[in-house]
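Written out below as structure tokens is the structure these notes cover.
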Amino acid sequence: MPRTQRLRPGQTCWRVERADRLAFLIDAKDYYFALLQTMENAKKRILVAGWDFDSRVELDPLKDEVGSFSDVLKRLAQANSDLQIQILSWDYALIYFGERENLTSTKLALKVGDSVDFELDDAHPVGASHHQKIVIVDDSIAFVGGIDLTHGRWDTSAHREEEPGRRLPNGESYKPFHDLEMMVQGPVVKVLFEMWQQRWHQATGKTLEPLEIQDPTAWPKDVEVEATGVRVGVARTLPAYLGREPVREIEKLHVEVIRGAKRYLYFENQYYTSRRVHAELLKSLSKPRGPRIMLVLPRQAGDWLEQNTMNALRERNIADLRSADRHGRLEVRYAHSDRLGDGWINLHSKVFVADDEIVKIGSSNLTNRSMGLDTECDLVFEARDEDERQVVRRFLARLLGEHMGVDPEGIRERLERSQTPNDILAMQKDSPRRLEELTVDPDAAYFDPKDAGAEIIDPGEPSEVEQAVDDWKPSLLIRASRSRIARFLIIVIVAGGLAAYWQWGTGGQWSAGEIASKFRALEQSPWGLAGAVGAYLLSGLVMFPVTVLFVASAITFSPVLAFIVSLLGSVGSALLMWAIGRGVGGRLAQGIEGTRFESVRQFIERRGVWAVALLRLFPVAPFALVNLLAGATRVSLGAYTLGTAMGMTPGIAGIIAATNLASWALLEPSFVSIGLAIGFVVLFAFSLLRLHGWLKRRMRLRKDLTVRGAMDVGAVRKTSR
């Protein structure tokens, strides 16, 4: 048994189950080879979940007859009419648009009757991602790690500079790429299926039942089995979402392993920005006695943006570690090869090994978001006896042997003699493949990892606005969004009708242009601005719709001045009504008790500035009444003012832009002016409809997650017994 059991269901992992067979697949060539053989043996089902997916990726680019991933799936589906293939890909953020395969192309490439079901998953907090990389075949064999089925991943362990198979879909080559997967067969795969099943239902509303196959999928004959009958833990990160409590098993596992390590800790990771992991490593290094620590990281981040954000944060953290290493137990290295033009290999792995007892492979990076914001999945093998510790040593020896250009057997023998990866560095001598010391420049970092700016770059939990949305009643938000859509369409129809009536009908003595010029004349009047702001203040007292004043401001003033007048006027009106509400707060609270406005008041008190902002974006009650209610709460004047300005800004900007475009189209009709006006109205309406649909999906997911949460608790209790 291990000295201390690190895998504890419900704490450092979700569940622990037996793996009848286990293999470590180092680099994508070995992973794609094993995956291809496993899929060719599939009888009923193939499930894929990924951060990225590209139908054009080649599982064996050195063999033209294999073709792309979509070609492989088509052949399998045509050869086996019973085979079903479900693919779940993260509905990625706009920043990645230029790097991803066109969605239409993906769906067309995967169209094989009803055999392939490709879906996008956006069931996560704003700013988060689904980062898990999982493939499950017949609920029998599974792959978990850091390698997506997309371009730019395939490489051999040789990491040669000239590699024919290392090319993008457009034919361009890319840097040598290093990452890993763990392959398992047995009951632990059922746990992974449950995770996949939950995500599938949350993303699509569809139900997927487990398979009952008497003859499980055969383990590929050319994939070496490295362990049998071992116990493997499944550790997750799930962010707080729609009332679901956050799951931070991966973070707790890292803390537990670091605190319990005696001899060594070996990390390979794409990033190093996690505050919690960094704090634990600093504590470990500060002690007179403790484990030797090796961090293997990429020499630098990928593109300009990462180099000036994540890479900058990493530099400060590494400098902190080296300052704390008073006892000489730290090594920070990168994978180098003399045979490469710039000397370094793109390391993408998410691995740690500890004391010949723990191997963790999965999707989680050493970042804040991997510990609390993104959806992650890791597999953890914990050795219980000497035979299983040999499995860990052989794996680590292979890994170090690749990086150092040294025979793995010699490394394994040294590990058996209680040497650590730090000690073994001496074996690489003048090898062309080696782990070079990573030099950093902490002064080049724009952000300190402890600053507020770092939280924006690498957030560790959903934003406050996300939490505020989750805290509010979804049914009220949905009704409010529906009301906003209807109100916007009514304004467009009425305003357009009146304008056309004045311009081309018999609406009066003046044309629309003459009316607009008379409004514009007010802008030059010394009383124009004062009168406009006064109108906003008066509107609050008589509860006149503030939206009408936005349109009037857009007609009267230039766009920039109209925006300033509208924002100042609406905020001023809000502050006036807030002051009145503060003066009669007690009586007002008693008067609304038991109504839906009481929930508005409670929401403002709980969430402060974000509640106020959301109530401006989603007006569940009249503008003036919300102002009175806010005055009756404990929300501060500063928070109320900021929240009002934040929430009013998008609507004011949209109405002023729409009004100005409509005026242009009316006064100077042309293909361009009319097209822009119609295009803006359609885009604005489409955005509102998308927002409405997003809120409805969240309400459905909230119900689903409530049920799933209860099931998870029951499963953990059952496993713990």
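Residue numbering restarts at 1 for every chain of the structure tokens, chains are lettered A, B, ... in their displayed order, and ligands are numbered from 1 as they appear.
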
Problem set entry | Residue contacts of A:Lys175 (8 Å, only C-alpha atoms) excluding same-chain residues fewer than 5 positions away, as a ChimeraX atom specification | /A:161,345-346

For this session: Just list the residues in stretch 321-407 of chain A DSSP gives strand (DSSP E) on the backbone, as a list in words.
Result: Leu330, Glu331, Val332, Arg333, Tyr334, Ala335, His336, Ser337, Asn346, Leu347, Lys350, Val351, Phe352, Val353, Ala354, Ile358, Val359, Lys360, Ile361, Gly362, Glu376, Cys377, Asp378, Leu379, Val380, Phe381 and Glu382 of chain A

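Non-sequential neighbours of A:Arg394 (distance at most 9 Å, separation of 6 or more positions within a chain, only C-alpha atoms) are Glu226, Pro408, Glu409, Ile411 and Arg412 of chain A.
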
Kindly assemble as a tab-separated table a list of the stretch 135-161 of chain A residues that lie within 7 Å of stretch 31-51 of chain A, each paired with its nearest atom pair and their distance in Å to one decimal, using only C-alpha atoms, sorted first by chain and then by ascending residue number.
residue	atom	partner	partner_atom	distance
A:Val135	CA	A:Val48	CA	4.5
A:Ile136	CA	A:Leu47	CA	5.0
A:Val137	CA	A:Ile46	CA	4.6
A:Asp138	CA	A:Arg45	CA	5.0
A:Asp148	CA	A:Gly50	CA	5.9

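Our summary of the geometry notes that atom CA of A:Ala324 is positioned 6.1 Å from atom CA of A:Leu285.
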
Exercise. Of the candidates A:Pro164, A:Met183, A:Gln202, A:Asp82, which one gets nearest to A:Asp122 if we count only C-alpha atoms?
Worked result: A:Gln202

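With atom CA of A:Asp27 on one side and atom CA of A:His178 on the other, the separation reads 5.4 Å.
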
If we count only C-alpha atoms and set the cut-off at 8 Å, which residues sit around A:Trp344, ignoring sequence neighbours fewer than 6 positions away in its own chain? Please answer as a PDB file with C-alpha atoms, in the first residue's frame.
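Full text of result.pdb as output:
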ATOM      1  CA  PRO A 298       7.819  24.979 -22.735  1.00  0.00           C
ATOM      2  CA  ARG A 299      10.590  27.481 -23.311  1.00  0.00           C
ATOM      3  CA  TYR A 334      12.529  22.858 -20.977  1.00  0.00           C
ATOM      4  CA  ALA A 335      12.842  20.141 -23.648  1.00  0.00           C
ATOM      5  CA  HIS A 336      15.725  21.003 -26.005  1.00  0.00           C
ATOM      6  CA  SER A 337      17.074  19.433 -29.171  1.00  0.00           C
TER       7      SER A 337
END

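Shortest separation to A:His254 among A:Lys429, A:Arg275, A:His124, A:Lys287 occurs at residue A:Arg275, atoms counted being only C-alpha atoms.
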
Problem set entry | Backbone-only DSSP, alpha helix (DSSP H) members of stretch 119-299 of chain A, as an NGL selection string | :A and (188-204 or 249-260 or 275-286)

Output of the above residues as a PDB file, in the first residue's frame, restricted to C-alpha atoms:
ATOM      1  CA  VAL A 188     -13.173   2.763 -14.641  1.00  0.00           C
ATOM      2  CA  VAL A 189     -14.463   3.372 -18.177  1.00  0.00           C
ATOM      3  CA  LYS A 190     -18.035   3.216 -16.819  1.00  0.00           C
ATOM      4  CA  VAL A 191     -17.203   6.204 -14.606  1.00  0.00           C
ATOM      5  CA  LEU A 192     -15.903   8.137 -17.595  1.00  0.00           C
ATOM      6  CA  PHE A 193     -19.052   7.245 -19.516  1.00  0.00           C
ATOM      7  CA  GLU A 194     -21.210   8.687 -16.711  1.00  0.00           C
ATOM      8  CA  MET A 195     -19.272  11.948 -16.985  1.00  0.00           C
ATOM      9  CA  TRP A 196     -19.669  11.984 -20.767  1.00  0.00           C
ATOM     10  CA  GLN A 197     -23.363  11.072 -20.464  1.00  0.00           C
ATOM     11  CA  GLN A 198     -24.028  14.030 -18.149  1.00  0.00           C
ATOM     12  CA  ARG A 199     -22.294  16.495 -20.460  1.00  0.00           C
ATOM     13  CA  TRP A 200     -24.127  15.139 -23.507  1.00  0.00           C
ATOM     14  CA  HIS A 201     -27.512  15.589 -21.845  1.00  0.00           C
ATOM     15  CA  GLN A 202     -26.667  19.069 -20.557  1.00  0.00           C
ATOM     16  CA  ALA A 203     -25.472  20.204 -23.998  1.00  0.00           C
ATOM     17  CA  THR A 204     -28.164  18.592 -26.147  1.00  0.00           C
ATOM     18  CA  GLU A 249     -10.926  17.659  -7.025  1.00  0.00           C
ATOM     19  CA  ILE A 250      -7.912  18.255  -9.292  1.00  0.00           C
ATOM     20  CA  GLU A 251      -6.729  21.202  -7.222  1.00  0.00           C
ATOM     21  CA  LYS A 252      -7.183  19.252  -3.977  1.00  0.00           C
ATOM     22  CA  LEU A 253      -5.250  16.332  -5.493  1.00  0.00           C
ATOM     23  CA  HIS A 254      -2.310  18.596  -6.360  1.00  0.00           C
ATOM     24  CA  VAL A 255      -2.268  20.046  -2.844  1.00  0.00           C
ATOM     25  CA  GLU A 256      -2.466  16.602  -1.243  1.00  0.00           C
ATOM     26  CA  VAL A 257       0.327  15.147  -3.375  1.00  0.00           C
ATOM     27  CA  ILE A 258       2.657  18.139  -2.889  1.00  0.00           C
ATOM     28  CA  ARG A 259       2.162  18.131   0.871  1.00  0.00           C
ATOM     29  CA  GLY A 260       2.668  14.374   1.135  1.00  0.00           C
ATOM     30  CA  ARG A 275      -1.859  30.377  -7.315  1.00  0.00           C
ATOM     31  CA  ARG A 276      -2.708  27.386  -5.134  1.00  0.00           C
ATOM     32  CA  VAL A 277      -0.115  25.037  -6.627  1.00  0.00           C
ATOM     33  CA  HIS A 278       2.502  27.799  -6.544  1.00  0.00           C
ATOM     34  CA  ALA A 279       1.806  28.532  -2.864  1.00  0.00           C
ATOM     35  CA  GLU A 280       2.186  24.838  -1.965  1.00  0.00           C
ATOM     36  CA  LEU A 281       5.465  24.503  -3.866  1.00  0.00           C
ATOM     37  CA  LEU A 282       6.823  27.616  -2.141  1.00  0.00           C
ATOM     38  CA  LYS A 283       5.964  26.098   1.253  1.00  0.00           C
ATOM     39  CA  SER A 284       7.652  22.831   0.295  1.00  0.00           C
ATOM     40  CA  LEU A 285      10.845  24.560  -0.854  1.00  0.00           C
ATOM     41  CA  SER A 286      11.040  26.690   2.289  1.00  0.00           C
TER      42      SER A 286
END

Where does stretch 531-554 of chain A meet stretch 642-660 of chain A within 9 Å, residue by residue, with the nearest atom pair and distance in Å to one decimal for each, counting only C-alpha atoms, listed by chain and rising number, as a tab-separated table?
residue	atom	partner	partner_atom	distance
A:Thr547	CA	A:Ile655	CA	8.2
A:Phe550	CA	A:Ile652	CA	6.6
A:Val551	CA	A:Thr659	CA	6.4
A:Ser553	CA	A:Ile656	CA	7.9
A:Ala554	CA	A:Ile656	CA	5.2

Exercise. Using only C-alpha atoms, which residues sit within 8 Å of A:Gly290 once same-chain residues fewer than 6 positions away are excluded, as a ChimeraX atom specification?
Worked result: /A:261-263,284

Write out, as a short mmCIF file (atom, residue, chain, number, x, y, z; two decimals), in the first residue's frame, the residues just selected, with all heavy atoms.
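Saved to selection_17.cif:
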data_model
loop_
_atom_site.label_atom_id
_atom_site.label_comp_id
_atom_site.auth_asym_id
_atom_site.auth_seq_id
_atom_site.Cartn_x
_atom_site.Cartn_y
_atom_site.Cartn_z
N ALA A 261 4.50 14.52 -0.49
CA ALA A 261 5.68 14.00 -1.20
C ALA A 261 6.90 13.95 -0.28
O ALA A 261 7.14 14.87 0.50
CB ALA A 261 5.97 14.86 -2.42
N LYS A 262 7.68 12.86 -0.40
CA LYS A 262 8.89 12.68 0.42
C LYS A 262 10.17 12.80 -0.39
O LYS A 262 11.13 13.45 0.04
CB LYS A 262 8.86 11.30 1.10
CG LYS A 262 7.62 11.04 1.95
CD LYS A 262 7.50 12.03 3.10
CE LYS A 262 6.27 11.71 3.96
NZ LYS A 262 6.07 12.74 5.01
N ARG A 263 10.20 12.17 -1.58
CA ARG A 263 11.44 12.13 -2.37
C ARG A 263 11.45 13.11 -3.52
O ARG A 263 12.38 13.89 -3.68
CB ARG A 263 11.66 10.71 -2.90
CG ARG A 263 12.04 9.69 -1.82
CD ARG A 263 12.15 8.31 -2.44
NE ARG A 263 12.93 8.30 -3.65
CZ ARG A 263 12.53 7.73 -4.81
NH1 ARG A 263 11.35 7.10 -4.88
NH2 ARG A 263 13.32 7.77 -5.87
N SER A 284 6.81 24.02 0.31
CA SER A 284 7.65 22.83 0.30
C SER A 284 9.13 23.21 0.20
O SER A 284 9.98 22.65 0.92
CB SER A 284 7.25 21.93 -0.87
OG SER A 284 8.05 20.77 -0.93
#

Problem set entry | 6 Å contact set for stretch 232-245 of chain A, only C-alpha atoms, chain neighbours under 2 positions out, as an NGL selection string | :A and (13-17 or 247-250 or 372-373 or 375-381 or 470 or 702)

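As for atom CA of A:Glu402 and atom CA of A:Asp387, they are spaced 23.1 Å apart.
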
Problem set entry | Polymer residues at most 8 Å from A:Glu181, only C-alpha atoms, same-chain spacing of 5 or more positions, as number ranges by chain | A: 24-27, 31, 143-147, 361-362

Now that the selection is made, can you save its residues with N, CA, C and O atoms as an mmCIF file, in the first residue's frame?
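So the final result, stored in selection.cif, reads:
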data_model
loop_
_atom_site.group_PDB
_atom_site.id
_atom_site.type_symbol
_atom_site.label_atom_id
_atom_site.label_comp_id
_atom_site.auth_asym_id
_atom_site.auth_seq_id
_atom_site.Cartn_x
_atom_site.Cartn_y
_atom_site.Cartn_z
ATOM 1 N N PHE A 24 0.346 3.851 -21.002
ATOM 2 C CA PHE A 24 0.721 5.255 -21.127
ATOM 3 C C PHE A 24 1.165 5.492 -22.568
ATOM 4 O O PHE A 24 2.096 4.831 -23.040
ATOM 5 N N LEU A 25 0.505 6.411 -23.254
ATOM 6 C CA LEU A 25 0.797 6.690 -24.661
ATOM 7 C C LEU A 25 1.513 8.032 -24.750
ATOM 8 O O LEU A 25 0.912 9.086 -24.519
ATOM 9 N N ILE A 26 2.796 7.978 -25.053
ATOM 10 C CA ILE A 26 3.618 9.188 -25.092
ATOM 11 C C ILE A 26 3.700 9.686 -26.530
ATOM 12 O O ILE A 26 4.190 8.981 -27.415
ATOM 13 N N ASP A 27 3.178 10.884 -26.735
ATOM 14 C CA ASP A 27 3.122 11.594 -28.008
ATOM 15 C C ASP A 27 1.985 11.070 -28.889
ATOM 16 O O ASP A 27 1.541 9.925 -28.774
ATOM 17 N N TYR A 31 -0.684 7.646 -29.579
ATOM 18 C CA TYR A 31 -2.092 7.775 -29.204
ATOM 19 C C TYR A 31 -2.997 7.540 -30.404
ATOM 20 O O TYR A 31 -3.936 6.732 -30.346
ATOM 21 N N PHE A 143 -9.704 6.736 -23.548
ATOM 22 C CA PHE A 143 -8.464 7.505 -23.642
ATOM 23 C C PHE A 143 -8.704 8.855 -22.979
ATOM 24 O O PHE A 143 -9.689 9.538 -23.285
ATOM 25 N N VAL A 144 -7.800 9.248 -22.091
ATOM 26 C CA VAL A 144 -7.896 10.549 -21.415
ATOM 27 C C VAL A 144 -6.509 11.172 -21.400
ATOM 28 O O VAL A 144 -5.518 10.487 -21.102
ATOM 29 N N GLY A 145 -6.430 12.455 -21.709
ATOM 30 C CA GLY A 145 -5.122 13.123 -21.680
ATOM 31 C C GLY A 145 -5.218 14.547 -22.143
ATOM 32 O O GLY A 145 -6.237 15.216 -21.947
ATOM 33 N N GLY A 146 -4.152 15.006 -22.799
ATOM 34 C CA GLY A 146 -4.088 16.396 -23.218
ATOM 35 C C GLY A 146 -4.157 16.592 -24.715
ATOM 36 O O GLY A 146 -3.989 17.708 -25.197
ATOM 37 N N ILE A 147 -4.400 15.510 -25.486
ATOM 38 C CA ILE A 147 -4.323 15.589 -26.945
ATOM 39 C C ILE A 147 -5.724 15.611 -27.546
ATOM 40 O O ILE A 147 -6.482 14.650 -27.407
ATOM 41 N N ILE A 361 -2.347 11.974 -15.459
ATOM 42 C CA ILE A 361 -2.365 12.407 -16.856
ATOM 43 C C ILE A 361 -3.776 12.868 -17.168
ATOM 44 O O ILE A 361 -4.746 12.192 -16.822
ATOM 45 N N GLY A 362 -3.902 14.008 -17.822
ATOM 46 C CA GLY A 362 -5.243 14.481 -18.148
ATOM 47 C C GLY A 362 -5.224 15.771 -18.922
ATOM 48 O O GLY A 362 -4.271 16.084 -19.639
#
